[in-house]
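These notes concern the structure reproduced below.
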Number of protein chains: 2
Amino acid sequence: MILYAKRIVTPKGVIEGYIHIKDGKIVDITDTCDEEFIDYRDQILMPGYIDIHTHGWATGSYWMEKTAKSIWDMQRHLPKCGVTSFLATTGTDSIDETFRYIEAANEAYANQHEGAELLGIHMEGPFISKEFKGLQKEEHCLTPDVKLMEQFYNAQTNKEMIKLMTLAPELDHAKELIQFNCAHGIQNSIGHSGATFEDIKTLKNDGLGGVTHMFSGMRGFHHRELGVAGSALYFNDLMCEFAKQSGMTVKHEAFDIVYRLKGDNGVYLTTDCQGLAKTQTPFHHYIRKETFEPDGDMLKITSDDGNVRIIDPNDYEAVKDIEIGYDTSVRNMLKHTPMNLVSLSKLTSLNPATYIHMDDVKGSIEIHKDADIIVLDDEYHIIETYCKGNASINL
Amino acid sequence: MILYAKRIVTPKGVIEGYIHIKDGKIVDITDTCDEEFIDYRDQILMPGYIDIHTHGWATGSYWMEKTAKSIWDMQRHLPKCGVTSFLATTGTDSIDETFRYIEAANEAYANQHEGAELLGIHMEGPFISKEFKGLQKEEHCLTPDVKLMEQFYNAQTNKEMIKLMTLAPELDHAKELIQFNCAHGIQNSIGHSGATFEDIKTLKNDGLGGVTHMFSGMRGFHHRELGVAGSALYFNDLMCEFAKQSGMTVKHEAFDIVYRLKGDNGVYLTTDCQGLAKTQTPFHHYIRKETFEPDGDMLKITSDDGNVRIIDPNDYEAVKDIEIGYDTSVRNMLKHTPMNLVSLSKLTSLNPATYIHMDDVKGSIEIHKDADIIVLDDEYHIIETYCKGNASINL
């Protein structure tokens, strides 16, 4: 298969050309072409979005359901938002439930379905701070325990599945945990953490790569105690994850300040979506000011001011607007922080791929990489999504 | 008089040359010279430091004494720290005492003494927020009153003397005050203020130029309410004043973040020194954890842990180390944020001159400007200070 466009976004710039795809890989990019091709002359070809912090999307919630099926549902629907690969992200839960997360992911990782590729899992906890727990469960926040981490690691069928862990480096024994992860190819992000600047300065070189959902669930910036947020601003080699850009949890101007400071190599975008449609027990979302709860086979959403909606949690059209998806988040960001296409592709694709050490096969439109390509119109709406060369927007 | 150096810091770069000085002005800068010259071949020639926020220095405290003599004492001793011109800065006090400030400055402004030039005054208040008063007197913080401001303005003998005012733009009637100042050549700085991002966004174009002592006495940065600090970071056209760099009130890393973001056109340095030796009534400095009080003709300093020192407030050598002077502040900053000489000269000289609309005669080593020149060694110690061409370090 060959895709043609006047605007193909590559790390070296935006070029006109023909992308040759074979067996799911980009095998060549040429200036001319004698064969049949799909003509996207008026569209933009970008590397697919890589969401390394998503708990669930639309009809699937790995966070709530902890099943392989929940991941398969995510695989099917994420391409509609331009996402071509992702890390299914756990929540902080009991040790037993954490093993359930790993078992569910083992099954889905070994039996990938059509759509967005499951790159592995991101463990958000359980080694996080109770004080900065945010939406995580306080009773399951644990002191770092490298023996327990080793058990989680050994529970993986494929030892490369756990790609990323969010943890609080100020907790006792965090150093051993960080070092263990680092030695086993697991990236460490600081999150749900009250770490001070000194904590982070001390442990950074043991293997701290960046921060999870910048500004949220962390000690904020102060001019006499820089905290997690200030450390992320200060240290050039810490990456900043920004969860979905709604302007609600983090003002667009705050994002803009960080982007100006860190540049397009220091920031990546995720959604931190939860798959709220698949809420299992009544869940009050304090930021959204809504309670989600099952109602037979349906989902009941009650806002704090008393309004009630009942929707079918398995109907994509009914649930797709409960949360802001990746493509909407990108469009929101670009309204306030315009950037060129190459920079955008770093924030959405190359940087997250690099962060989890997968930039050899993911994150950019280059020869030998996977053919994860999205087709965008000039307003950044998704026209088509190719996951390893397969058109996947209508799965 | 002609000064020669291999390193003369000009806005266009560091050059080797001969600076020709006549009647206090730089009249030429040449590559060669047949006349007699002072040889500074191993030193650096920089524009003199301009301190637009200093209440007092060493044996003179405009803040505490409110006399022409206090300003003359500052003029005499500031060149020892490399300062060649300054704004004597008021404190927030009663209306009567505020008029006393203006009268004292009228006398000194019309009868300039040797040494650092009095460029005018900086009024820190009285239109500031009680909530963010810092060391200012709460009982004298006033709601903006343009009629009163007009009286202050009219109390000046020379209507160009008030150059800068620190005010809180969130207070009622601030808009009229800002507009009045702007129309009368008085720069407006946001300080001692709880203004929100929206307050500042709304009033910025009415004439807000920047912020006073960045991070101190203001609503700090938060990712959902950017406050004064976040607004200063976000808006490229707001200048950030940083008071003396001790690392005590603002961590050096916090300064560094702001410098990286704003660049060398967006930051200037001041000392915010108070002339503590001339304390008139017992004064507890909560940041320094010391109480200053007169003891007959002497000064008694009692630290919170009970240590007592008694010194002569008129002995420069005895009092010069009570506070950190401009040159020490510069050296402290450079230890944590190294920068080239041209950038340094912007932070210390050109930016403050531009901010108070005096860059036609001050702020850089250029033909037609005043010969305010400091001679530095490689560790940024002051070897000599020329104020309008007069060697002034030993006044």
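To be explicit about the labels: the chains of the structure tokens are called A, B, and onward in the order shown, and within each one the residues are counted from 1, while ligands get numbers from 1 in the order they are shown.
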
Q) Contacts of Gly363 in chain A at 6 Å or less, counting only C-alpha atoms, minus same-chain residues fewer than 6 places along, as a PyMOL selection string? A) chain A and resi 349-350+353

(Q) Using only C-alpha atoms and a cut-off of 8 Å, which residues of chain B sit close to chain A? Please list them as an MDAnalysis selection string. (A) chainID B and resid 215 220:226 230 233:234 248:251 253:254 256:257 260:261

Q: Name the residues in contact with range 10-26 of chain B at a cut-off of 9 Å, using only C-alpha atoms, excluding same-chain residues fewer than 5 positions from it; report them as a PyMOL selection string.
A: chain B and resi 1-5+31-33+37+41+46-47+341-343+345-346+350+361+364-372+387-390

(Q) For the structure I just gave you, how does DSSP split range 57-299 of chain B - specifically, which residues are helix (DSSP H, G or I)? Reply as a PyMOL selection string. (A) chain B and resi 62-65+68-81+95-110+138-140+146-154+174-183+197-206+227-234+252-262+276-278

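Using only C-alpha atoms, the contacts of Leu148 in chain A at a cut-off of 12 Å, with sequence neighbours closer than 6 positions omitted, comprise Ile95, Asp96, Thr98, Phe99, Pro126, Phe127, Leu142, Asn154, Ala155, Glu176, Leu177 and Phe180 of chain A.
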
Write out, as a CSV table (one decimal), in the first residue's frame, the residues just selected, with C-alpha atoms.
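See out34.csv below for the written result:
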chain,number,residue,atom,x,y,z
A,95,ILE,CA,-2.3,-6.1,45.8
A,96,ASP,CA,-4.7,-8.8,44.6
A,98,THR,CA,-3.1,-5.2,41.0
A,99,PHE,CA,-2.2,-8.8,40.1
A,126,PRO,CA,0.5,1.6,44.2
A,127,PHE,CA,3.7,3.3,45.5
A,142,LEU,CA,1.9,1.7,49.7
A,154,ASN,CA,7.5,-11.7,37.6
A,155,ALA,CA,3.7,-11.9,37.1
A,176,GLU,CA,15.6,0.8,45.5
A,177,LEU,CA,12.3,0.8,43.6
A,180,PHE,CA,14.9,-1.9,40.1

Q.
What does the structure give for the distance between CA of Ile102 in chain B and CA of Ile287 in chain B, in Å to one decimal?
A.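 Those two atoms sit 28.3 Å apart.
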
Using only C-alpha atoms, which protein or nucleic acid residues come within 8 Å of Thr54 in chain A? Drop anything in the same chain fewer than 6 positions from it, and give the result as a PDB file with C-alpha atoms, in the first residue's frame.
ATOM      1  CA  PHE A  86      -1.110   3.031  24.046  1.00  0.00           C
ATOM      2  CA  LEU A  87      -0.221   1.855  27.506  1.00  0.00           C
ATOM      3  CA  ALA A  88      -3.232   0.520  29.391  1.00  0.00           C
ATOM      4  CA  THR A  89      -2.942   2.243  32.731  1.00  0.00           C
ATOM      5  CA  THR A 270      -1.772  11.899  27.173  1.00  0.00           C
ATOM      6  CA  THR A 271      -5.471  11.770  27.991  1.00  0.00           C
ATOM      7  CA  ASP A 272      -5.593  10.100  31.418  1.00  0.00           C
ATOM      8  CA  CYS A 273      -9.065   8.986  30.295  1.00  0.00           C
ATOM      9  CA  GLN A 274     -10.805   6.551  32.578  1.00  0.00           C
TER      10      GLN A 274
END

Q) Can you list, as a ChimeraX atom specification, every protein, DNA or RNA residue that comes within 7 Å of Asn332 in chain A when you count only C-alpha atoms, leaving out same-chain residues fewer than 4 positions away? A) /A:245-246,328

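Here CA of Met165 in chain A stands at a distance of 14.3 Å from CA of Asp206 in chain A.
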
(Q) What's the separation between CA of Leu276 in chain B and CA of Leu347 in chain B, in Å to one decimal place? (A) 25.3 Å

(Q) Which residues are near Cys81 in chain A? Cut-off 9 Å, only C-alpha atoms, ignore same chain within fewer than 2 positions. Put them as a count of residues only. (A) 14
